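Next comes protein-v3.txt, with compact mmCIF, C-alpha atoms and all ligand atoms.
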# COMPACT_ATOMS: atom_id res chain seq x y z
CA MET A 1 -32.12 18.22 -3.32
CA VAL A 2 -29.46 17.58 -5.97
CA ILE A 3 -25.98 17.56 -4.37
CA LYS A 4 -23.38 19.61 -6.22
CA VAL A 5 -20.10 17.68 -6.35
CA ALA A 6 -16.56 18.45 -7.51
CA ILE A 7 -13.93 15.74 -8.05
CA ALA A 8 -10.19 16.19 -7.54
CA GLY A 9 -8.03 13.81 -9.60
CA PRO A 10 -10.51 13.08 -12.45
CA ARG A 11 -7.89 11.62 -14.84
CA GLY A 12 -6.74 9.00 -12.33
CA ARG A 13 -7.82 5.35 -12.04
CA MET A 14 -10.30 6.15 -9.24
CA GLY A 15 -11.15 9.63 -10.49
CA LYS A 16 -12.29 8.31 -13.90
CA ALA A 17 -14.52 5.68 -12.28
CA ALA A 18 -15.98 8.30 -9.91
CA VAL A 19 -16.73 10.76 -12.75
CA GLU A 20 -18.56 7.99 -14.63
CA THR A 21 -20.54 6.98 -11.53
CA LEU A 22 -21.58 10.50 -10.47
CA ILE A 23 -22.54 11.65 -13.98
CA LYS A 24 -25.02 8.75 -14.21
CA ASP A 25 -26.57 9.40 -10.79
CA LYS A 26 -29.47 11.87 -10.77
CA ALA A 27 -28.90 12.64 -7.08
CA PHE A 28 -25.70 14.49 -8.01
CA LEU A 29 -24.58 17.29 -10.27
CA LEU A 30 -20.88 17.17 -11.16
CA VAL A 31 -20.16 20.90 -11.27
CA SER A 32 -16.38 20.89 -11.79
CA VAL A 33 -13.14 18.94 -11.48
CA LEU A 34 -9.73 19.81 -10.02
CA ASP A 35 -6.54 18.77 -11.80
CA HIS A 36 -2.97 19.98 -11.66
CA LYS A 37 -2.74 19.89 -15.46
CA LYS A 38 -5.25 21.45 -17.80
CA GLU A 39 -5.89 18.85 -20.51
CA GLU A 40 -8.97 20.35 -22.16
CA ASP A 41 -11.99 18.24 -23.01
CA PHE A 42 -10.73 14.94 -21.62
CA LEU A 43 -14.09 14.70 -19.87
CA GLY A 44 -15.92 15.20 -23.18
CA ASP A 45 -18.66 17.09 -21.37
CA ASN A 46 -19.34 20.63 -20.27
CA ILE A 47 -17.62 20.13 -16.95
CA PRO A 48 -15.06 22.86 -16.20
CA ILE A 49 -11.53 21.89 -15.16
CA TYR A 50 -9.74 24.04 -12.56
CA THR A 51 -6.14 23.95 -11.38
CA SER A 52 -6.89 26.03 -8.26
CA LEU A 53 -9.25 24.65 -5.63
CA LYS A 54 -10.10 28.12 -4.29
CA GLU A 55 -11.06 29.26 -7.80
CA LEU A 56 -13.10 26.07 -8.36
CA ILE A 57 -15.02 26.67 -5.13
CA TYR A 58 -15.57 30.37 -5.86
CA GLN A 59 -16.81 29.74 -9.42
CA THR A 60 -18.78 26.50 -9.12
CA LYS A 61 -19.87 26.38 -5.43
CA PRO A 62 -19.85 22.61 -4.84
CA ASP A 63 -21.47 21.15 -1.69
CA VAL A 64 -18.97 18.27 -1.62
CA LEU A 65 -15.38 17.74 -2.80
CA VAL A 66 -14.47 14.12 -3.58
CA ASP A 67 -10.67 13.79 -3.48
CA LEU A 68 -8.97 10.92 -5.33
CA THR A 69 -5.50 12.32 -5.86
CA VAL A 70 -2.13 11.71 -4.24
CA PRO A 71 -0.81 11.96 -0.65
CA SER A 72 1.26 15.09 -1.42
CA CYS A 73 -1.75 17.36 -2.10
CA VAL A 74 -4.71 15.81 -0.30
CA TYR A 75 -4.12 17.48 3.07
CA GLU A 76 -4.08 20.95 1.53
CA HIS A 77 -7.23 20.17 -0.51
CA THR A 78 -9.04 18.96 2.60
CA ILE A 79 -8.19 22.02 4.69
CA THR A 80 -9.04 24.43 1.84
CA ALA A 81 -12.40 22.75 1.31
CA ILE A 82 -13.34 22.87 5.00
CA GLU A 83 -12.22 26.49 5.35
CA ASN A 84 -14.53 27.39 2.47
CA GLY A 85 -17.54 25.44 3.75
CA VAL A 86 -17.24 22.57 1.23
CA ARG A 87 -17.66 19.08 2.71
CA PRO A 88 -14.76 16.76 1.83
CA VAL A 89 -15.18 13.07 0.98
CA ILE A 90 -11.63 11.82 0.90
CA GLY A 91 -10.53 8.52 -0.64
CA THR A 92 -6.90 9.50 -1.04
CA THR A 93 -4.60 7.72 1.42
CA GLY A 94 -1.27 8.64 3.00
CA PHE A 95 -2.28 11.07 5.80
CA THR A 96 0.03 11.38 8.80
CA ASP A 97 -1.45 11.18 12.31
CA LEU A 98 -0.67 14.89 12.77
CA GLN A 99 -2.51 15.81 9.56
CA LEU A 100 -5.57 13.83 10.69
CA GLU A 101 -5.49 15.65 14.03
CA GLU A 102 -5.27 19.04 12.31
CA ILE A 103 -8.18 18.14 10.02
CA ARG A 104 -10.22 17.07 13.07
CA ASN A 105 -9.51 20.45 14.69
CA LYS A 106 -10.46 22.34 11.53
CA VAL A 107 -13.70 20.37 11.19
CA GLU A 108 -14.60 21.18 14.82
CA GLU A 109 -13.78 24.86 14.32
CA LYS A 110 -15.85 25.20 11.13
CA GLU A 111 -18.50 22.53 11.90
CA VAL A 112 -18.26 21.25 8.33
CA GLY A 113 -18.74 17.49 7.91
CA CYS A 114 -15.81 15.53 6.50
CA ILE A 115 -15.45 11.84 5.63
CA ILE A 116 -12.03 10.25 5.21
CA ALA A 117 -12.38 6.63 4.11
CA PRO A 118 -9.19 4.64 3.49
CA ASN A 119 -11.38 2.05 1.77
CA PHE A 120 -14.82 2.61 0.20
CA SER A 121 -15.61 -1.04 -0.58
CA ILE A 122 -18.09 -2.71 1.76
CA GLY A 123 -16.24 -6.05 1.58
CA ALA A 124 -12.98 -4.45 2.72
CA VAL A 125 -14.73 -2.65 5.58
CA LEU A 126 -16.28 -5.96 6.69
CA MET A 127 -12.86 -7.64 6.52
CA MET A 128 -11.41 -4.87 8.72
CA LYS A 129 -14.27 -5.10 11.22
CA PHE A 130 -14.13 -8.92 11.39
CA SER A 131 -10.34 -8.70 11.92
CA GLN A 132 -10.89 -6.30 14.81
CA MET A 133 -13.42 -8.69 16.38
CA ALA A 134 -11.18 -11.73 15.86
CA ALA A 135 -8.07 -10.07 17.33
CA ARG A 136 -9.70 -9.98 20.74
CA TYR A 137 -9.45 -13.80 20.76
CA LEU A 138 -6.42 -14.25 18.45
CA PRO A 139 -4.12 -11.28 19.18
CA ASN A 140 -1.15 -12.48 17.08
CA VAL A 141 -1.77 -10.69 13.78
CA GLU A 142 0.09 -10.19 10.50
CA ILE A 143 -1.40 -8.07 7.72
CA ILE A 144 -0.45 -8.68 4.09
CA GLU A 145 -1.68 -6.02 1.69
CA MET A 146 -1.23 -6.43 -2.08
CA HIS A 147 -1.66 -3.69 -4.67
CA HIS A 148 -0.87 -2.73 -8.27
CA ASP A 149 2.69 -1.46 -8.78
CA GLN A 150 1.65 2.16 -9.52
CA LYS A 151 0.65 2.79 -5.91
CA VAL A 152 2.82 5.49 -4.28
CA ASP A 153 2.14 4.92 -0.56
CA ALA A 154 3.05 1.91 1.58
CA PRO A 155 1.61 0.47 3.67
CA SER A 156 -1.83 1.04 2.17
CA GLY A 157 -4.34 3.24 4.00
CA THR A 158 -6.50 0.16 4.47
CA ALA A 159 -3.71 -1.78 6.19
CA ILE A 160 -2.91 1.13 8.51
CA LYS A 161 -6.60 1.55 9.40
CA THR A 162 -6.94 -2.20 9.97
CA ALA A 163 -4.01 -2.11 12.41
CA GLN A 164 -5.52 0.93 14.18
CA MET A 165 -8.90 -0.82 14.51
CA ILE A 166 -7.26 -4.00 15.81
CA HIS A 167 -5.25 -1.95 18.32
CA GLU A 168 -8.55 -0.75 19.82
CA GLU A 169 -9.21 -4.41 20.81
CA ARG A 170 -5.66 -5.66 21.37
CA ASN A 171 -3.04 -4.23 23.72
CA ALA A 172 0.32 -3.44 22.13
CA PHE A 173 2.85 -6.28 22.44
CA GLU A 174 5.80 -7.50 20.38
CA GLN A 175 4.93 -10.64 18.44
CA GLY A 176 7.39 -13.39 17.58
CA HIS A 177 10.59 -14.43 19.37
CA SER A 178 12.09 -11.87 21.78
CA ASP A 179 15.55 -12.49 20.23
CA GLU A 180 14.29 -12.16 16.64
CA LYS A 181 16.84 -10.44 14.31
CA GLU A 182 16.22 -9.33 10.73
CA LEU A 183 19.03 -10.69 8.55
CA ILE A 184 17.83 -8.45 5.72
CA GLU A 185 16.30 -5.11 6.76
CA GLY A 186 12.54 -5.04 6.26
CA ALA A 187 12.12 -8.82 6.35
CA ARG A 188 9.49 -8.56 9.09
CA GLY A 189 7.66 -5.65 7.46
CA ALA A 190 6.35 -2.54 9.24
CA ASN A 191 5.72 -2.83 12.97
CA VAL A 192 2.51 -1.22 14.30
CA ASN A 193 2.06 -1.83 18.02
CA GLY A 194 3.80 -5.18 17.58
CA MET A 195 1.66 -6.24 14.58
CA HIS A 196 3.48 -6.56 11.27
CA ILE A 197 2.31 -5.20 7.91
CA HIS A 198 3.77 -6.54 4.65
CA SER A 199 3.25 -4.63 1.39
CA VAL A 200 3.29 -6.43 -1.97
CA ARG A 201 3.35 -4.43 -5.24
CA LEU A 202 2.86 -6.27 -8.54
CA PRO A 203 1.42 -5.50 -11.97
CA GLY A 204 -1.93 -7.22 -12.44
CA LEU A 205 -3.10 -6.65 -8.88
CA VAL A 206 -5.82 -4.11 -7.97
CA ALA A 207 -6.33 -4.01 -4.16
CA HIS A 208 -6.17 -7.06 -1.89
CA GLN A 209 -5.59 -7.69 1.80
CA GLN A 210 -5.19 -10.73 4.03
CA VAL A 211 -5.26 -10.56 7.79
CA LEU A 212 -3.67 -13.63 9.37
CA LEU A 213 -4.54 -14.37 13.00
CA GLY A 214 -2.56 -17.20 14.53
CA GLY A 215 -3.34 -19.25 17.64
CA GLU A 216 -2.15 -22.52 19.14
CA GLY A 217 -2.56 -25.12 16.37
CA GLN A 218 -4.74 -22.85 14.23
CA LEU A 219 -4.79 -19.97 11.75
CA LEU A 220 -7.70 -17.70 10.83
CA THR A 221 -7.31 -15.95 7.46
CA LEU A 222 -9.59 -13.06 6.52
CA ARG A 223 -9.16 -11.96 2.93
CA HIS A 224 -10.71 -9.31 0.72
CA ASP A 225 -10.10 -8.71 -3.00
CA SER A 226 -11.10 -5.70 -5.08
CA PHE A 227 -10.82 -6.99 -8.65
CA ASP A 228 -12.22 -3.79 -10.12
CA ARG A 229 -12.54 -0.14 -9.01
CA THR A 230 -16.33 -0.40 -9.33
CA SER A 231 -16.06 -2.05 -5.87
CA PHE A 232 -15.37 1.40 -4.38
CA MET A 233 -18.17 3.34 -6.06
CA SER A 234 -21.14 2.52 -3.78
CA GLY A 235 -19.04 3.68 -0.80
CA ILE A 236 -18.35 7.00 -2.51
CA VAL A 237 -22.05 7.49 -3.25
CA LEU A 238 -22.98 6.62 0.36
CA SER A 239 -20.31 8.99 1.71
CA ILE A 240 -21.52 11.94 -0.39
CA HIS A 241 -25.06 11.49 0.93
CA GLU A 242 -23.84 11.02 4.50
CA VAL A 243 -21.38 13.92 4.59
CA MET A 244 -24.29 16.28 3.88
CA LYS A 245 -25.79 15.22 7.25
CA GLN A 246 -22.58 15.44 9.30
CA ASN A 247 -20.72 18.21 11.10
CA THR A 248 -17.85 16.11 12.49
CA LEU A 249 -14.92 14.13 11.06
CA ILE A 250 -15.80 10.54 10.19
CA TYR A 251 -12.58 8.55 9.74
CA GLY A 252 -13.45 5.17 8.23
CA LEU A 253 -16.61 3.91 6.56
CA GLU A 254 -17.15 1.45 9.44
CA ASN A 255 -18.37 4.44 11.46
CA LEU A 256 -21.25 4.92 9.02
CA ILE A 257 -22.12 1.26 8.49
CA PHE A 258 -22.04 -0.39 11.95
N1 LIG B 1 -10.56 4.98 -0.37
C1 LIG B 1 -10.62 4.05 -1.32
O1 LIG B 1 -11.49 3.19 -1.33
C2 LIG B 1 -9.57 4.06 -2.38
C3 LIG B 1 -8.56 4.93 -2.30
N2 LIG B 1 -7.61 4.98 -3.26
C4 LIG B 1 -6.64 6.04 -3.11
O2 LIG B 1 -7.03 7.07 -4.01
C5 LIG B 1 -5.88 7.76 -4.48
C6 LIG B 1 -5.91 7.76 -6.00
O3 LIG B 1 -5.71 6.46 -6.47
P1 LIG B 1 -5.58 6.16 -8.04
O4 LIG B 1 -6.76 6.71 -8.75
O5 LIG B 1 -5.24 4.74 -8.18
O6 LIG B 1 -4.30 7.06 -8.40
P2 LIG B 1 -3.91 7.73 -9.80
O7 LIG B 1 -2.44 8.03 -9.72
O8 LIG B 1 -4.44 6.92 -10.92
O9 LIG B 1 -4.74 9.12 -9.78
C7 LIG B 1 -4.36 10.25 -9.08
C8 LIG B 1 -4.70 11.44 -9.95
O10 LIG B 1 -4.49 12.63 -9.21
C9 LIG B 1 -3.81 13.56 -10.07
N3 LIG B 1 -3.15 14.59 -9.28
C10 LIG B 1 -1.89 14.63 -8.81
N4 LIG B 1 -1.67 15.77 -8.15
C11 LIG B 1 -2.83 16.48 -8.20
C12 LIG B 1 -3.23 17.75 -7.72
N5 LIG B 1 -2.40 18.53 -7.03
N6 LIG B 1 -4.50 18.16 -7.98
C13 LIG B 1 -5.35 17.38 -8.67
N7 LIG B 1 -5.02 16.17 -9.17
C14 LIG B 1 -3.77 15.74 -8.93
C15 LIG B 1 -2.87 12.69 -10.87
O11 LIG B 1 -2.39 13.34 -12.02
P3 LIG B 1 -0.94 12.89 -12.66
O12 LIG B 1 -1.07 11.45 -12.97
O13 LIG B 1 -0.80 13.78 -13.85
O14 LIG B 1 0.07 13.18 -11.60
C16 LIG B 1 -3.80 11.54 -11.20
O15 LIG B 1 -4.61 11.82 -12.33
C17 LIG B 1 -4.69 7.06 -3.86
O16 LIG B 1 -4.29 7.73 -2.69
C18 LIG B 1 -5.23 5.69 -3.49
O17 LIG B 1 -4.55 5.11 -2.40
C19 LIG B 1 -7.63 4.15 -4.34
C20 LIG B 1 -8.61 3.21 -4.46
C21 LIG B 1 -9.67 3.08 -3.47
O1 LIG B 2 -4.12 2.73 -4.23
C1 LIG B 2 -5.07 1.90 -4.30
O2 LIG B 2 -5.34 1.28 -5.33
C2 LIG B 2 -5.89 1.70 -3.11
N1 LIG B 2 -5.69 2.47 -2.08
C3 LIG B 2 -6.39 2.44 -0.85
C4 LIG B 2 -5.45 2.09 0.27
O3 LIG B 2 -4.31 2.61 0.30
O4 LIG B 2 -5.83 1.32 1.15
C5 LIG B 2 -7.64 1.60 -0.91
C6 LIG B 2 -7.52 0.36 -1.74
O5 LIG B 2 -6.72 -0.54 -1.08
C7 LIG B 2 -6.96 0.69 -3.13

Structure encoded using structure tokens:
Amino acid sequence: MVIKVAIAGPRGRMGKAAVETLIKDKAFLLVSVLDHKKEEDFLGDNIPIYTSLKELIYQTKPDVLVDLTVPSCVYEHTITAIENGVRPVIGTTGFTDLQLEEIRNKVEEKEVGCIIAPNFSIGAVLMMKFSQMAARYLPNVEIIEMHHDQKVDAPSGTAIKTAQMIHEERNAFEQGHSDEKELIEGARGANVNGMHIHSVRLPGLVAHQQVLLGGEGQLLTLRHDSFDRTSFMSGIVLSIHEVMKQNTLIYGLENLIF
């Protein structure tokens, strides 16, 4: 069965790469795209552009909505899709814990599968999983995430998910000296259950993360680099296939892979 897909955010860095990937793949039919501006023909194909998700769903009846937009609209897109029986595959980051809870409730109410993946690249998911495993033995952890300077959310979704996964293996405790004082606010980064996350934004970067795990006389460094957005495409393809088989919320690609 060919899966009918719509993409939200098709002019963006990720959206463009996803359009290119899905158009080439015979398993999918790209039926429409969702944008907040109507710039005709930028797709150069017969793919209709909608500015209303409800209208897009009503007119083009996608099975799956792939969202690669911005944190300010992704929650609303996700809820609208689920309410209308369309399965969301969400790459957009920046959800609050409350929003994730509300999406979980909506998914359970409607029994419509939904995948939210803060990172679609297999290498990044392995780095997150290995960090979780290592933190059981080396619980002093600092996460350094590095991205291009056009990213609007910090810390990255990947860094937040990494800290959440590590927290499943490591009890919360404050790292560093008990009398530690920041001389300049923010010097120690964001504090998640006592772990610290540092966000670097520079032109030239794509998406990179290091997890540093320190022990007596030793340091384990786990690093992943996405040099190109093609690194995320196989995870999107996998998620579209998988979401068709699900009726729950899957938060994180690690739940499909391991
Ligand atoms: N899960 C993963 O593996 C990955 C996730 N991401 C995440 O994906 C998201 C997109 O990243 P990226 O492509 O770099 O960002 P971009 O800013 O390049 O793309 C976002 C696109 O969404 C458009 N947009 C804004 N508001 C709306 C709306 N209401 N409806 C439809 N489209 C809208 C923007 O238009 P305009 O520019 O006109 O505002 C823009 O074209 C981010 O949250 C990022 O963190 C990124 C890489 C990998
Ligand atoms: O904005 C990006 O570029 C990326 N965003 C995701 C995140 O916030 O973790 C995934 C990847 O790091 C690229």

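If one restricts the calculation to all atoms listed in the file, the set of residues situated within 6 Å of ligand LIG 1 (chain B) consists of Ala8, Gly9, Arg11, Gly12, Arg13, Met14, Gly15, Leu34, Asp35, His36, Leu68, Thr69, Val70, Pro71, Cys73, Gly91, Thr92, Thr93, Ala117, Pro118, Asn119, Phe120, Ser121 and Phe232 of chain A.
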
For the residues in the current selection, export C-alpha atoms as a compact mmCIF listing (two decimals), keeping the file's coordinate frame.
# COMPACT_ATOMS: atom_id res chain seq x y z
CA ALA A 8 -10.19 16.19 -7.54
CA GLY A 9 -8.03 13.81 -9.60
CA ARG A 11 -7.89 11.62 -14.84
CA GLY A 12 -6.74 9.00 -12.33
CA ARG A 13 -7.82 5.35 -12.04
CA MET A 14 -10.30 6.15 -9.24
CA GLY A 15 -11.15 9.63 -10.49
CA LEU A 34 -9.73 19.81 -10.02
CA ASP A 35 -6.54 18.77 -11.80
CA HIS A 36 -2.97 19.98 -11.66
CA LEU A 68 -8.97 10.92 -5.33
CA THR A 69 -5.50 12.32 -5.86
CA VAL A 70 -2.13 11.71 -4.24
CA PRO A 71 -0.81 11.96 -0.65
CA CYS A 73 -1.75 17.36 -2.10
CA GLY A 91 -10.53 8.52 -0.64
CA THR A 92 -6.90 9.50 -1.04
CA THR A 93 -4.60 7.72 1.42
CA ALA A 117 -12.38 6.63 4.11
CA PRO A 118 -9.19 4.64 3.49
CA ASN A 119 -11.38 2.05 1.77
CA PHE A 120 -14.82 2.61 0.20
CA SER A 121 -15.61 -1.04 -0.58
CA PHE A 232 -15.37 1.40 -4.38

Inset, instruction - Identify which of the residues A:Pro139, A:Gly94, A:Pro10, A:Gly214 lies closest to Ala172 (chain A), counting all atoms listed in the file when measuring atom-to-atom distances. - result: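 Checking each candidate against Ala172 (chain A), we get A:Pro139 as the closest.
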
Legend entry - Selection within 7 Å of ligand LIG 2 (chain B) by all atoms listed in the file, output as a VMD selection string: chain A and resid 93 118 to 119 147 to 148 151 153 156 to 159 206 to 208

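Relative to CA of His77 (chain A), CA of Ile236 (chain A) is found at 17.4 Å.
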
Inset, instruction - Just give me the gap between CA of Leu205 (chain A) and CA of Ala17 (chain A) in Å, one decimal is fine. - result: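 Result for CA of Leu205 (chain A) versus CA of Ala17 (chain A): 17.1 Å, one decimal.
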
Inset, instruction - Counting all atoms listed in the file, figure out which residue out of A:Gly215, A:Gly235, A:Pro203, A:Pro62 gets nearest to Ala6 (chain A). - result: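 Nearest to Ala6 (chain A): A:Pro62.
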
Inset, instruction - Grab the CA of Thr60 (chain A) to CA of Ile250 (chain A) distance for me, in Å with one decimal place. - result: 25.2 Å

Legend entry - Neighbour list for Gly123 (chain A) as a ChimeraX atom specification, cut-off 9 Å, all atoms listed in the file, skip fewer than 6 positions in-chain: /A:224-226,231

Inset, instruction - Pick out the residues sitting within 10 Å of Phe28 (chain A), and hand them over as a list in words; count only C-alpha atoms, and ignore anything fewer than 4 positions along from it in its own chain. - result: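 Contacts, in chain order: Met1, Val2, Ile3, Lys4, Val5, Ala6, Thr21, Leu22, Ile23, Lys24, Val237, Ile240 and His241 of chain A.
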
Write the selection just made, keeping C-alpha atoms, as a short mmCIF file (atom, residue, chain, number, x, y, z; two decimals), in the frame of the given file?
data_model
loop_
_atom_site.label_atom_id
_atom_site.label_comp_id
_atom_site.auth_asym_id
_atom_site.auth_seq_id
_atom_site.Cartn_x
_atom_site.Cartn_y
_atom_site.Cartn_z
CA MET A 1 -32.12 18.22 -3.32
CA VAL A 2 -29.46 17.58 -5.97
CA ILE A 3 -25.98 17.56 -4.37
CA LYS A 4 -23.38 19.61 -6.22
CA VAL A 5 -20.10 17.68 -6.35
CA ALA A 6 -16.56 18.45 -7.51
CA THR A 21 -20.54 6.98 -11.53
CA LEU A 22 -21.58 10.50 -10.47
CA ILE A 23 -22.54 11.65 -13.98
CA LYS A 24 -25.02 8.75 -14.21
CA VAL A 237 -22.05 7.49 -3.25
CA ILE A 240 -21.52 11.94 -0.39
CA HIS A 241 -25.06 11.49 0.93
#

May I have the centre and edge lengths, in Å to one decimal, of an axis-aligned box around the listed atoms of region 202-205 of chain A with 3 Å added to every side, as JSON?
{"center_x": -0.1, "center_y": -6.4, "center_z": -10.5, "size_x": 12.0, "size_y": 7.7, "size_z": 9.9}

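With all atoms listed in the file as the atoms that count, the residue of A:Gly252, A:Met146, A:Leu65, A:Met128 with the shortest distance to Leu53 (chain A) is A:Leu65.
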
Inset, instruction - Tell me which protein, DNA and RNA residues are within 8 Å of Val211 (chain A), counting all atoms listed in the file, leaving out same-chain ones fewer than 6 positions away, and put them as an MDAnalysis selection string. - result: chainID A and resid 131 141:144 221:223

May I have the residues from that selection written out with C-alpha atoms, as an mmCIF file, in the frame of the given file?
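As a result, selection01.cif now contains:
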data_model
loop_
_atom_site.group_PDB
_atom_site.id
_atom_site.type_symbol
_atom_site.label_atom_id
_atom_site.label_comp_id
_atom_site.auth_asym_id
_atom_site.auth_seq_id
_atom_site.Cartn_x
_atom_site.Cartn_y
_atom_site.Cartn_z
ATOM 1 C CA SER A 131 -10.340 -8.700 11.920
ATOM 2 C CA VAL A 141 -1.770 -10.690 13.780
ATOM 3 C CA GLU A 142 0.090 -10.190 10.500
ATOM 4 C CA ILE A 143 -1.400 -8.070 7.720
ATOM 5 C CA ILE A 144 -0.450 -8.680 4.090
ATOM 6 C CA THR A 221 -7.310 -15.950 7.460
ATOM 7 C CA LEU A 222 -9.590 -13.060 6.520
ATOM 8 C CA ARG A 223 -9.160 -11.960 2.930
#

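Among A:Gly189, A:Leu56, A:Val152, A:Tyr251, the residue with the shortest atom-to-atom distance to Ser72 (chain A), counting only C-alpha atoms, is A:Val152.
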
Inset, instruction - Please work out which residues fall within 9 Å of (-15.1, 20.0, 8.0), coordinates as given in the file, with only C-alpha atoms counting, and return them as a ChimeraX atom specification. - result: /A:78-79,81-83,85-88,103-115,246-249

Legend entry - Point (5.9, -8.7, 5.0) neighbourhood (6 Å, all atoms listed in the file) written as a list in words: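 It turns out the residues near that spot are Arg188, Gly189, Ile197 and His198 of chain A.
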
Excluding same-chain residues fewer than 2 positions from Met165 (chain A), what lies within 10 Å of it counting only C-alpha atoms, as a compact mmCIF listing (two decimals) with C-alpha atoms, in the frame of the given file?
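And here's selection-v9.txt as it stands now:
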# COMPACT_ATOMS: atom_id res chain seq x y z
CA MET A 128 -11.41 -4.87 8.72
CA LYS A 129 -14.27 -5.10 11.22
CA SER A 131 -10.34 -8.70 11.92
CA GLN A 132 -10.89 -6.30 14.81
CA MET A 133 -13.42 -8.69 16.38
CA ALA A 135 -8.07 -10.07 17.33
CA ALA A 159 -3.71 -1.78 6.19
CA ILE A 160 -2.91 1.13 8.51
CA LYS A 161 -6.60 1.55 9.40
CA THR A 162 -6.94 -2.20 9.97
CA ALA A 163 -4.01 -2.11 12.41
CA HIS A 167 -5.25 -1.95 18.32
CA GLU A 168 -8.55 -0.75 19.82
CA GLU A 169 -9.21 -4.41 20.81
CA ARG A 170 -5.66 -5.66 21.37
CA GLY A 252 -13.45 5.17 8.23
CA GLU A 254 -17.15 1.45 9.44

Inset, instruction - Fewer than 5 positions away in the same chain doesn't count, so skip those; otherwise give me all residues within 10 Å of Asn140 (chain A), counting all atoms listed in the file, as JSON, numbers by chain. - result: {"A": [135, 170, 173, 174, 175, 176, 194, 195, 196, 212, 213, 214, 215, 219]}
